[in-house]
Amino acid sequence: MMNQEMRILVVEDDNKIASFIAKGLKQAGYAVDRCADGEEALVLAETTAYDAAVVDVMLPKLDGLSLIQRWRSQKIRTPVIILSAKASLDDRIKGLQAGGDDYLTKPFAFSELTARLHALIRRATQTVEPTRLTVGDLTLDLLTRSVTRNGQLVELQTREFALLEYLMRQAGRTVTKTMILEHIFDYSFDPQTNVVDVLVHRLRAKIDPDKTRLHTLRGIGYVLRAA
């Protein structure tokens, strides 16, 4: 987990998306500033040192690519993830040529956004994070994307892996269904769905068949503990 003093600027004029990102980043331990247009973002970055920025392309007053170009011309080197509904290779190239460091298309899973932010900040600060997470006899390798239980390989699907990674990073702490939805699924996902229950059930069957690690707190959420 990154240092809790890390500050992220979110530049997004869609209030639903901006709220989703800001809430999730705050739960992940970041300080977050939000703004809805490029001109305000230009001023904020001139007066505040941000560890990273998440910038939408389609912004009022000053579009996202122009904003990034202005930052770079002013020697503002804040790492930037560009958000866009455009997924073509040409659009990605334009974003990177404008000075963006990464490019993420909408809709996106919050877990992917945070993983990319971690990578950008690590590169910018030369911070070394552990490549393995361990809780009891569970080990998750972030480089090989593999999981073992008591030394035995456990095959997980992509979202099962993402959920286990999130639970292991929050080991010993209760996480709610809403928190899981916001971290594992994209911002447009229906919060009334039972997809979290289904996903937890599938994961528990694979990593906790004796029901000693992944606990359900009825009406509250879930907690992963060392057995």
# chains A, B, ... in the order shown; residues from 1 in each chain; ligands from 1
$ closest_atom_pairs --of "range 96-169 of chain A" --to "range 21-26 of chain A" --cutoff "9 Å" --atoms "only C-alpha atoms" --output "Markdown table"
| residue | atom | partner | partner_atom | distance |
| --- | --- | --- | --- | --- |
| A:Phe110 | CA | A:Ile21 | CA | 7.4 |
| A:Leu113 | CA | A:Ile21 | CA | 8.8 |
| A:Thr114 | CA | A:Leu25 | CA | 7.7 |
$ write_last_selection --atoms "N, CA, C and O atoms" --output "compact mmCIF listing (two decimals), in the first residue's frame"
# COMPACT_ATOMS: atom_id res chain seq x y z
N PHE A 110 -11.80 -0.46 -11.10
CA PHE A 110 -11.01 0.39 -10.20
C PHE A 110 -9.68 -0.27 -9.85
O PHE A 110 -8.67 0.40 -9.68
N LEU A 113 -7.15 0.70 -12.36
CA LEU A 113 -6.72 2.08 -12.19
C LEU A 113 -5.70 2.21 -11.06
O LEU A 113 -4.65 2.85 -11.22
N THR A 114 -5.98 1.59 -9.91
CA THR A 114 -5.05 1.71 -8.78
C THR A 114 -3.74 1.00 -9.09
O THR A 114 -2.66 1.48 -8.70
$ residues_around --residues "Leu44 in chain A" --least-positions-apart "5" --cutoff "9 Å" --atoms "only C-alpha atoms" --output "list in words"
Leu9, Asp33, Cys35, Glu39 and Ala49 of chain A
$ residues_around --residues "range 163-176 of chain A" --least-positions-apart "6" --cutoff "6 Å" --atoms "only C-alpha atoms" --output "VMD selection string"
chain A and resid 221 to 225
$ atom_distance --atom1 "CA of Arg145 in chain A" --atom2 "CA of Glu160 in chain A"
11.4 Å
$ residues_around --residues "Ile8 in chain A" --least-positions-apart "6" --cutoff "7 Å" --atoms "only C-alpha atoms" --output "PyMOL selection string"
chain A and resi 30-33+50-53
$ write_last_selection --atoms "all heavy atoms" --output "mmCIF file, in the first residue's frame"
data_model
loop_
_atom_site.group_PDB
_atom_site.id
_atom_site.type_symbol
_atom_site.label_atom_id
_atom_site.label_comp_id
_atom_site.auth_asym_id
_atom_site.auth_seq_id
_atom_site.Cartn_x
_atom_site.Cartn_y
_atom_site.Cartn_z
ATOM 1 N N TYR A 30 -5.198 7.387 -0.196
ATOM 2 C CA TYR A 30 -4.677 8.584 -0.844
ATOM 3 C C TYR A 30 -5.445 9.836 -0.387
ATOM 4 O O TYR A 30 -6.615 9.758 -0.028
ATOM 5 C CB TYR A 30 -4.840 8.479 -2.365
ATOM 6 C CG TYR A 30 -3.987 7.442 -3.027
ATOM 7 C CD1 TYR A 30 -4.531 6.218 -3.416
ATOM 8 C CD2 TYR A 30 -2.647 7.670 -3.300
ATOM 9 C CE1 TYR A 30 -3.761 5.257 -4.057
ATOM 10 C CE2 TYR A 30 -1.868 6.720 -3.938
ATOM 11 C CZ TYR A 30 -2.423 5.515 -4.313
ATOM 12 O OH TYR A 30 -1.657 4.567 -4.932
ATOM 13 N N ALA A 31 -4.771 10.980 -0.459
ATOM 14 C CA ALA A 31 -5.453 12.263 -0.383
ATOM 15 C C ALA A 31 -5.844 12.627 -1.815
ATOM 16 O O ALA A 31 -5.064 12.415 -2.743
ATOM 17 C CB ALA A 31 -4.548 13.329 0.212
ATOM 18 N N VAL A 32 -7.062 13.150 -2.005
ATOM 19 C CA VAL A 32 -7.578 13.370 -3.358
ATOM 20 C C VAL A 32 -8.137 14.782 -3.499
ATOM 21 O O VAL A 32 -8.893 15.246 -2.645
ATOM 22 C CB VAL A 32 -8.690 12.346 -3.703
ATOM 23 C CG1 VAL A 32 -9.210 12.595 -5.119
ATOM 24 C CG2 VAL A 32 -8.177 10.922 -3.568
ATOM 25 N N ASP A 33 -7.752 15.446 -4.585
ATOM 26 C CA ASP A 33 -8.380 16.700 -4.994
ATOM 27 C C ASP A 33 -9.116 16.441 -6.297
ATOM 28 O O ASP A 33 -8.626 15.695 -7.161
ATOM 29 C CB ASP A 33 -7.334 17.798 -5.204
ATOM 30 C CG ASP A 33 -6.721 18.270 -3.896
ATOM 31 O OD1 ASP A 33 -7.339 18.045 -2.835
ATOM 32 O OD2 ASP A 33 -5.610 18.841 -3.933
ATOM 33 N N TYR A 50 1.452 17.245 -6.816
ATOM 34 C CA TYR A 50 0.701 15.985 -6.823
ATOM 35 C C TYR A 50 1.627 14.821 -7.174
ATOM 36 O O TYR A 50 2.561 14.965 -7.970
ATOM 37 C CB TYR A 50 -0.449 16.054 -7.842
ATOM 38 C CG TYR A 50 -1.549 16.994 -7.429
ATOM 39 C CD1 TYR A 50 -1.640 18.270 -7.988
ATOM 40 C CD2 TYR A 50 -2.479 16.625 -6.467
ATOM 41 C CE1 TYR A 50 -2.641 19.147 -7.604
ATOM 42 C CE2 TYR A 50 -3.485 17.496 -6.067
ATOM 43 C CZ TYR A 50 -3.559 18.754 -6.639
ATOM 44 O OH TYR A 50 -4.546 19.630 -6.241
ATOM 45 N N ASP A 51 1.333 13.670 -6.573
ATOM 46 C CA ASP A 51 2.116 12.468 -6.860
ATOM 47 C C ASP A 51 1.677 11.815 -8.154
ATOM 48 O O ASP A 51 2.450 11.089 -8.785
ATOM 49 C CB ASP A 51 1.995 11.483 -5.694
ATOM 50 C CG ASP A 51 2.601 12.059 -4.424
ATOM 51 O OD1 ASP A 51 3.834 12.086 -4.324
ATOM 52 O OD2 ASP A 51 1.839 12.505 -3.542
ATOM 53 N N ALA A 52 0.419 12.066 -8.564
ATOM 54 C CA ALA A 52 -0.097 11.564 -9.833
ATOM 55 C C ALA A 52 -1.407 12.274 -10.130
ATOM 56 O O ALA A 52 -2.022 12.872 -9.247
ATOM 57 C CB ALA A 52 -0.306 10.047 -9.796
ATOM 58 N N ALA A 53 -1.825 12.202 -11.394
ATOM 59 C CA ALA A 53 -3.099 12.794 -11.797
ATOM 60 C C ALA A 53 -3.840 11.826 -12.706
ATOM 61 O O ALA A 53 -3.224 11.077 -13.476
ATOM 62 C CB ALA A 53 -2.880 14.121 -12.503
#
$ residues_around --residues "Met58 in chain A" --least-positions-apart "4" --cutoff "12 Å" --atoms "only C-alpha atoms" --output "CSV table (one decimal) with C-alpha atoms, in the first residue's frame"
chain,number,residue,atom,x,y,z
A,11,VAL,CA,-9.7,15.9,-13.4
A,12,GLU,CA,-13.1,14.6,-14.6
A,13,ASP,CA,-16.3,16.5,-15.5
A,14,ASP,CA,-18.6,13.5,-15.1
A,36,ALA,CA,-14.2,19.4,-13.4
A,37,ASP,CA,-12.4,21.5,-16.0
A,38,GLY,CA,-9.0,21.9,-17.5
A,62,LEU,CA,-9.4,23.2,-21.6
A,63,ASP,CA,-9.4,19.6,-22.9
A,64,GLY,CA,-7.3,16.9,-21.2
A,65,LEU,CA,-4.6,16.6,-23.9
A,66,SER,CA,-4.1,20.4,-24.0
A,67,LEU,CA,-4.0,20.5,-20.2
A,82,ILE,CA,-5.4,9.6,-19.3
A,83,LEU,CA,-9.0,8.5,-19.2
A,84,SER,CA,-10.9,8.2,-22.5
A,85,ALA,CA,-13.8,6.5,-24.1
A,86,LYS,CA,-11.7,6.3,-27.2
A,95,GLY,CA,-2.4,10.8,-25.5
$ select_by_dssp --residues "range 19-178 of chain A" --states "strand (DSSP E or B)" --output "short mmCIF file (atom, residue, chain, number, x, y, z; two decimals) with all heavy atoms, in the first residue's frame"
data_model
loop_
_atom_site.label_atom_id
_atom_site.label_comp_id
_atom_site.auth_asym_id
_atom_site.auth_seq_id
_atom_site.Cartn_x
_atom_site.Cartn_y
_atom_site.Cartn_z
N ALA A 31 -4.77 10.98 -0.46
CA ALA A 31 -5.45 12.26 -0.38
C ALA A 31 -5.84 12.63 -1.82
O ALA A 31 -5.06 12.42 -2.74
CB ALA A 31 -4.55 13.33 0.21
N VAL A 32 -7.06 13.15 -2.01
CA VAL A 32 -7.58 13.37 -3.36
C VAL A 32 -8.14 14.78 -3.50
O VAL A 32 -8.89 15.25 -2.64
CB VAL A 32 -8.69 12.35 -3.70
CG1 VAL A 32 -9.21 12.59 -5.12
CG2 VAL A 32 -8.18 10.92 -3.57
N ASP A 33 -7.75 15.45 -4.58
CA ASP A 33 -8.38 16.70 -4.99
C ASP A 33 -9.12 16.44 -6.30
O ASP A 33 -8.63 15.69 -7.16
CB ASP A 33 -7.33 17.80 -5.20
CG ASP A 33 -6.72 18.27 -3.90
OD1 ASP A 33 -7.34 18.05 -2.84
OD2 ASP A 33 -5.61 18.84 -3.93
N ARG A 34 -10.28 17.08 -6.45
CA ARG A 34 -11.09 16.91 -7.65
C ARG A 34 -11.33 18.24 -8.32
O ARG A 34 -11.47 19.27 -7.65
CB ARG A 34 -12.46 16.31 -7.31
CG ARG A 34 -12.52 14.85 -7.07
CD ARG A 34 -13.92 14.44 -6.64
NE ARG A 34 -14.96 14.90 -7.56
CZ ARG A 34 -16.28 14.69 -7.36
NH1 ARG A 34 -16.69 14.08 -6.28
NH2 ARG A 34 -17.16 15.14 -8.24
N CYS A 35 -11.38 18.24 -9.64
CA CYS A 35 -11.87 19.41 -10.36
C CYS A 35 -12.52 18.93 -11.66
O CYS A 35 -12.26 17.81 -12.11
CB CYS A 35 -10.78 20.43 -10.62
SG CYS A 35 -9.42 19.85 -11.61
N ALA A 52 0.42 12.07 -8.56
CA ALA A 52 -0.10 11.56 -9.83
C ALA A 52 -1.41 12.27 -10.13
O ALA A 52 -2.02 12.87 -9.25
CB ALA A 52 -0.31 10.05 -9.80
N ALA A 53 -1.83 12.20 -11.39
CA ALA A 53 -3.10 12.79 -11.80
C ALA A 53 -3.84 11.83 -12.71
O ALA A 53 -3.22 11.08 -13.48
CB ALA A 53 -2.88 14.12 -12.50
N VAL A 54 -5.17 11.84 -12.59
CA VAL A 54 -6.05 11.07 -13.47
C VAL A 54 -6.83 12.10 -14.28
O VAL A 54 -7.59 12.89 -13.70
CB VAL A 54 -7.00 10.17 -12.67
CG1 VAL A 54 -7.90 9.38 -13.61
CG2 VAL A 54 -6.20 9.22 -11.78
N VAL A 55 -6.65 12.12 -15.58
CA VAL A 55 -7.19 13.21 -16.41
C VAL A 55 -8.07 12.66 -17.53
O VAL A 55 -7.61 11.85 -18.35
CB VAL A 55 -6.05 14.06 -17.01
CG1 VAL A 55 -6.61 15.15 -17.92
CG2 VAL A 55 -5.19 14.66 -15.91
N ASP A 56 -9.32 13.12 -17.57
CA ASP A 56 -10.21 12.78 -18.67
C ASP A 56 -9.85 13.59 -19.91
O ASP A 56 -9.34 14.72 -19.79
CB ASP A 56 -11.66 13.07 -18.26
CG ASP A 56 -12.66 12.62 -19.31
OD1 ASP A 56 -12.44 11.55 -19.91
OD2 ASP A 56 -13.64 13.35 -19.55
N VAL A 80 0.75 11.14 -15.22
CA VAL A 80 -0.65 11.29 -15.61
C VAL A 80 -1.19 10.02 -16.25
O VAL A 80 -0.58 9.47 -17.18
CB VAL A 80 -0.82 12.46 -16.60
CG1 VAL A 80 -2.27 12.54 -17.08
CG2 VAL A 80 -0.41 13.78 -15.96
N ILE A 81 -2.34 9.58 -15.75
CA ILE A 81 -3.13 8.54 -16.43
C ILE A 81 -4.26 9.24 -17.16
O ILE A 81 -5.04 9.98 -16.56
CB ILE A 81 -3.71 7.52 -15.44
CG1 ILE A 81 -2.59 6.69 -14.81
CG2 ILE A 81 -4.70 6.59 -16.16
CD1 ILE A 81 -3.09 5.62 -13.85
N ILE A 82 -4.33 9.02 -18.47
CA ILE A 82 -5.40 9.60 -19.29
C ILE A 82 -6.60 8.66 -19.29
O ILE A 82 -6.45 7.46 -19.51
CB ILE A 82 -4.91 9.83 -20.72
CG1 ILE A 82 -3.75 10.83 -20.74
CG2 ILE A 82 -6.05 10.29 -21.62
CD1 ILE A 82 -3.06 10.94 -22.09
N LEU A 83 -7.80 9.22 -19.06
CA LEU A 83 -9.04 8.46 -19.18
C LEU A 83 -9.75 8.87 -20.46
O LEU A 83 -9.85 10.06 -20.76
CB LEU A 83 -9.97 8.74 -18.00
CG LEU A 83 -9.54 8.29 -16.61
CD1 LEU A 83 -10.65 8.62 -15.61
CD2 LEU A 83 -9.24 6.80 -16.58
N SER A 84 -10.22 7.89 -21.22
CA SER A 84 -10.92 8.22 -22.45
C SER A 84 -11.85 7.09 -22.86
O SER A 84 -11.58 5.92 -22.60
CB SER A 84 -9.92 8.48 -23.58
OG SER A 84 -10.58 8.73 -24.80
N ASP A 102 0.21 7.08 -19.11
CA ASP A 102 -0.55 5.86 -19.28
C ASP A 102 -1.92 6.24 -19.82
O ASP A 102 -2.33 7.41 -19.75
CB ASP A 102 -0.68 5.10 -17.95
CG ASP A 102 -0.97 3.62 -18.14
OD1 ASP A 102 -1.26 3.21 -19.28
OD2 ASP A 102 -0.92 2.87 -17.15
N TYR A 103 -2.65 5.24 -20.35
CA TYR A 103 -3.91 5.51 -21.04
C TYR A 103 -4.89 4.40 -20.67
O TYR A 103 -4.59 3.22 -20.87
CB TYR A 103 -3.67 5.54 -22.55
CG TYR A 103 -4.79 6.09 -23.39
CD1 TYR A 103 -4.74 7.39 -23.89
CD2 TYR A 103 -5.88 5.31 -23.74
CE1 TYR A 103 -5.75 7.91 -24.70
CE2 TYR A 103 -6.90 5.80 -24.54
CZ TYR A 103 -6.83 7.10 -25.03
OH TYR A 103 -7.83 7.60 -25.82
N LEU A 104 -6.03 4.77 -20.11
CA LEU A 104 -7.02 3.79 -19.66
C LEU A 104 -8.36 4.13 -20.29
O LEU A 104 -8.83 5.27 -20.21
CB LEU A 104 -7.13 3.83 -18.13
CG LEU A 104 -7.96 2.76 -17.44
CD1 LEU A 104 -7.43 1.36 -17.74
CD2 LEU A 104 -7.99 3.00 -15.93
N THR A 105 -8.99 3.14 -20.93
CA THR A 105 -10.26 3.38 -21.60
C THR A 105 -11.45 3.08 -20.68
O THR A 105 -11.38 2.21 -19.82
CB THR A 105 -10.38 2.53 -22.88
OG1 THR A 105 -10.20 1.15 -22.55
CG2 THR A 105 -9.34 2.94 -23.89
N ALA A 109 -12.13 -1.06 -14.55
CA ALA A 109 -12.22 -1.60 -13.19
C ALA A 109 -11.32 -0.76 -12.29
O ALA A 109 -10.20 -0.40 -12.67
CB ALA A 109 -11.78 -3.06 -13.16
N ARG A 132 5.17 -9.84 -3.32
CA ARG A 132 4.35 -10.93 -2.81
C ARG A 132 3.54 -10.46 -1.60
O ARG A 132 4.03 -9.68 -0.80
CB ARG A 132 5.20 -12.13 -2.39
CG ARG A 132 5.81 -12.89 -3.54
CD ARG A 132 6.45 -14.18 -3.06
NE ARG A 132 6.97 -14.98 -4.15
CZ ARG A 132 7.43 -16.20 -4.02
NH1 ARG A 132 7.46 -16.77 -2.82
NH2 ARG A 132 7.88 -16.87 -5.06
N LEU A 133 2.32 -10.96 -1.52
CA LEU A 133 1.47 -10.72 -0.36
C LEU A 133 1.26 -12.07 0.32
O LEU A 133 1.02 -13.08 -0.34
CB LEU A 133 0.12 -10.14 -0.78
CG LEU A 133 0.14 -8.84 -1.59
CD1 LEU A 133 -1.28 -8.46 -2.02
CD2 LEU A 133 0.78 -7.72 -0.79
N THR A 134 1.34 -12.09 1.65
CA THR A 134 1.18 -13.33 2.40
C THR A 134 0.25 -13.11 3.57
O THR A 134 0.42 -12.16 4.34
CB THR A 134 2.53 -13.86 2.92
OG1 THR A 134 3.41 -14.07 1.81
CG2 THR A 134 2.35 -15.17 3.67
N VAL A 135 -0.76 -13.97 3.68
CA VAL A 135 -1.67 -13.99 4.83
C VAL A 135 -1.81 -15.44 5.25
O VAL A 135 -2.40 -16.25 4.52
CB VAL A 135 -3.04 -13.39 4.50
CG1 VAL A 135 -3.97 -13.48 5.71
CG2 VAL A 135 -2.91 -11.94 4.05
N LEU A 138 -1.58 -18.46 2.75
CA LEU A 138 -1.88 -17.96 1.41
C LEU A 138 -0.76 -17.03 0.94
O LEU A 138 -0.35 -16.13 1.66
CB LEU A 138 -3.19 -17.19 1.39
CG LEU A 138 -4.50 -17.99 1.46
CD1 LEU A 138 -5.67 -17.05 1.65
CD2 LEU A 138 -4.68 -18.83 0.20
N THR A 139 -0.29 -17.24 -0.29
CA THR A 139 0.71 -16.37 -0.88
C THR A 139 0.26 -15.96 -2.27
O THR A 139 -0.14 -16.82 -3.08
CB THR A 139 2.08 -17.06 -0.97
OG1 THR A 139 2.52 -17.41 0.34
CG2 THR A 139 3.11 -16.15 -1.61
N LEU A 140 0.30 -14.66 -2.55
CA LEU A 140 -0.08 -14.14 -3.85
C LEU A 140 1.13 -13.44 -4.46
O LEU A 140 1.70 -12.53 -3.85
CB LEU A 140 -1.26 -13.17 -3.70
CG LEU A 140 -1.86 -12.55 -4.97
CD1 LEU A 140 -3.36 -12.32 -4.78
CD2 LEU A 140 -1.17 -11.23 -5.31
N ASP A 141 1.55 -13.89 -5.63
CA ASP A 141 2.71 -13.32 -6.32
C ASP A 141 2.21 -12.33 -7.37
O ASP A 141 1.54 -12.71 -8.33
CB ASP A 141 3.52 -14.44 -6.98
CG ASP A 141 4.88 -13.95 -7.48
OD1 ASP A 141 4.90 -12.92 -8.18
OD2 ASP A 141 5.90 -14.59 -7.18
N SER A 146 0.21 -15.48 -9.63
CA SER A 146 -0.11 -16.82 -9.16
C SER A 146 -0.43 -16.79 -7.66
O SER A 146 0.01 -15.90 -6.94
CB SER A 146 1.05 -17.79 -9.42
OG SER A 146 2.21 -17.36 -8.71
N VAL A 147 -1.19 -17.79 -7.23
CA VAL A 147 -1.59 -17.91 -5.83
C VAL A 147 -1.31 -19.33 -5.36
O VAL A 147 -1.58 -20.30 -6.07
CB VAL A 147 -3.10 -17.61 -5.66
CG1 VAL A 147 -3.56 -17.87 -4.22
CG2 VAL A 147 -3.40 -16.16 -6.05
N THR A 148 -0.73 -19.44 -4.16
CA THR A 148 -0.55 -20.76 -3.56
C THR A 148 -1.18 -20.80 -2.18
O THR A 148 -1.22 -19.78 -1.47
CB THR A 148 0.94 -21.12 -3.43
OG1 THR A 148 1.61 -20.12 -2.65
CG2 THR A 148 1.60 -21.23 -4.79
N ARG A 149 -1.71 -21.96 -1.82
CA ARG A 149 -2.24 -22.20 -0.48
C ARG A 149 -1.49 -23.38 0.10
O ARG A 149 -1.52 -24.47 -0.45
CB ARG A 149 -3.74 -22.51 -0.53
CG ARG A 149 -4.40 -22.65 0.84
CD ARG A 149 -5.85 -23.14 0.74
NE ARG A 149 -5.89 -24.52 0.29
CZ ARG A 149 -6.62 -24.98 -0.72
NH1 ARG A 149 -7.37 -24.15 -1.42
NH2 ARG A 149 -6.59 -26.25 -1.06
N GLN A 152 0.56 -25.16 -2.38
CA GLN A 152 -0.12 -25.75 -3.54
C GLN A 152 -0.72 -24.65 -4.41
O GLN A 152 -1.38 -23.73 -3.91
CB GLN A 152 -1.23 -26.71 -3.09
CG GLN A 152 -0.73 -27.88 -2.25
CD GLN A 152 0.22 -28.78 -3.01
OE1 GLN A 152 -0.07 -29.20 -4.13
NE2 GLN A 152 1.37 -29.08 -2.41
N LEU A 153 -0.49 -24.74 -5.72
CA LEU A 153 -0.98 -23.74 -6.65
C LEU A 153 -2.51 -23.74 -6.69
O LEU A 153 -3.15 -24.79 -6.74
CB LEU A 153 -0.44 -24.00 -8.05
CG LEU A 153 -0.73 -22.94 -9.12
CD1 LEU A 153 -0.04 -21.63 -8.77
CD2 LEU A 153 -0.29 -23.44 -10.49
N VAL A 154 -3.09 -22.54 -6.65
CA VAL A 154 -4.55 -22.38 -6.74
C VAL A 154 -4.86 -21.60 -8.01
O VAL A 154 -4.35 -20.49 -8.21
CB VAL A 154 -5.11 -21.61 -5.52
CG1 VAL A 154 -6.61 -21.44 -5.64
CG2 VAL A 154 -4.73 -22.31 -4.23
N VAL A 175 -14.15 -5.38 4.90
CA VAL A 175 -14.47 -4.67 3.66
C VAL A 175 -15.93 -4.94 3.33
O VAL A 175 -16.42 -6.05 3.47
CB VAL A 175 -13.56 -5.11 2.50
CG1 VAL A 175 -12.11 -4.77 2.80
CG2 VAL A 175 -13.68 -6.59 2.21
#
$ select_by_dssp --residues "range 10-122 of chain A" --states "alpha helix (DSSP H)" --output "JSON, numbers by chain"
{"A": [15, 16, 17, 18, 19, 20, 21, 22, 23, 24, 25, 26, 27, 38, 39, 40, 41, 42, 43, 44, 45, 46, 47, 64, 65, 66, 67, 68, 69, 70, 71, 72, 73, 89, 90, 91, 92, 93, 94, 95, 96, 97, 110, 111, 112, 113, 114, 115, 116, 117, 118, 119, 120, 121, 122]}
$ write_last_selection --atoms "C-alpha atoms" --output "JSON list (two decimals), in the first residue's frame"
[["chain", "number", "residue", "atom", "x", "y", "z"],
["A", 15, "ASN", "CA", -19.63, 13.68, -11.44],
["A", 16, "LYS", "CA", -20.51, 9.98, -11.17],
["A", 17, "ILE", "CA", -17.13, 8.85, -12.45],
["A", 18, "ALA", "CA", -15.23, 11.49, -10.48],
["A", 19, "SER", "CA", -17.01, 10.51, -7.25],
["A", 20, "PHE", "CA", -16.34, 6.83, -7.89],
["A", 21, "ILE", "CA", -12.63, 7.43, -8.43],
["A", 22, "ALA", "CA", -12.21, 9.86, -5.53],
["A", 23, "LYS", "CA", -14.04, 7.64, -3.05],
["A", 24, "GLY", "CA", -12.05, 4.57, -4.02],
["A", 25, "LEU", "CA", -8.71, 6.38, -3.87],
["A", 26, "LYS", "CA", -9.51, 7.81, -0.44],
["A", 27, "GLN", "CA", -10.40, 4.31, 0.81],
["A", 38, "GLY", "CA", -8.97, 21.86, -17.49],
["A", 39, "GLU", "CA", -8.41, 25.48, -16.49],
["A", 40, "GLU", "CA", -8.94, 24.76, -12.79],
["A", 41, "ALA", "CA", -6.66, 21.71, -13.05],
["A", 42, "LEU", "CA", -3.97, 23.91, -14.60],
["A", 43, "VAL", "CA", -4.05, 26.23, -11.61],
["A", 44, "LEU", "CA", -4.16, 23.41, -9.04],
["A", 45, "ALA", "CA", -1.09, 21.70, -10.49],
["A", 46, "GLU", "CA", 0.79, 25.03, -10.46],
["A", 47, "THR", "CA", 0.14, 25.49, -6.74],
["A", 64, "GLY", "CA", -7.32, 16.94, -21.24],
["A", 65, "LEU", "CA", -4.58, 16.63, -23.86],
["A", 66, "SER", "CA", -4.09, 20.40, -24.02],
["A", 67, "LEU", "CA", -3.97, 20.47, -20.23],
["A", 68, "ILE", "CA", -1.21, 17.86, -20.14],
["A", 69, "GLN", "CA", 0.73, 19.68, -22.85],
["A", 70, "ARG", "CA", 0.51, 22.90, -20.82],
["A", 71, "TRP", "CA", 1.73, 21.09, -17.71],
["A", 72, "ARG", "CA", 4.68, 19.65, -19.57],
["A", 73, "SER", "CA", 5.57, 23.01, -21.13],
["A", 89, "LEU", "CA", -4.33, 2.96, -31.23],
["A", 90, "ASP", "CA", -4.19, 6.46, -32.75],
["A", 91, "ASP", "CA", -5.98, 7.95, -29.74],
["A", 92, "ARG", "CA", -3.62, 6.20, -27.31],
["A", 93, "ILE", "CA", -0.60, 7.43, -29.28],
["A", 94, "LYS", "CA", -1.94, 11.02, -29.25],
["A", 95, "GLY", "CA", -2.41, 10.80, -25.48],
["A", 96, "LEU", "CA", 1.13, 9.59, -24.88],
["A", 97, "GLN", "CA", 2.59, 12.10, -27.33],
["A", 110, "PHE", "CA", -11.01, 0.39, -10.20],
["A", 111, "SER", "CA", -8.45, -2.30, -9.39],
["A", 112, "GLU", "CA", -6.79, -1.67, -12.77],
["A", 113, "LEU", "CA", -6.72, 2.08, -12.19],
["A", 114, "THR", "CA", -5.05, 1.71, -8.78],
["A", 115, "ALA", "CA", -2.56, -0.83, -10.13],
["A", 116, "ARG", "CA", -1.54, 1.59, -12.86],
["A", 117, "LEU", "CA", -1.31, 4.47, -10.38],
["A", 118, "HIS", "CA", 0.91, 2.35, -8.14],
["A", 119, "ALA", "CA", 3.18, 1.59, -11.09],
["A", 120, "LEU", "CA", 3.43, 5.25, -12.14],
["A", 121, "ILE", "CA", 4.19, 6.46, -8.63],
["A", 122, "ARG", "CA", 6.75, 3.70, -8.07]]
$ closest_residue --among "A:Leu203, A:Val196, A:Ala28, A:Leu214" --to "Glu155 in chain A" --atoms "only C-alpha atoms"
A:Leu203
$ closest_residue --among "A:Phe185, A:Lys177, A:Arg77, A:Ser88" --to "Pro107 in chain A" --atoms "only C-alpha atoms"
A:Phe185
$ atom_distance --atom1 "CA of Ile207 in chain A" --atom2 "CA of Thr193 in chain A"
23.4 Å
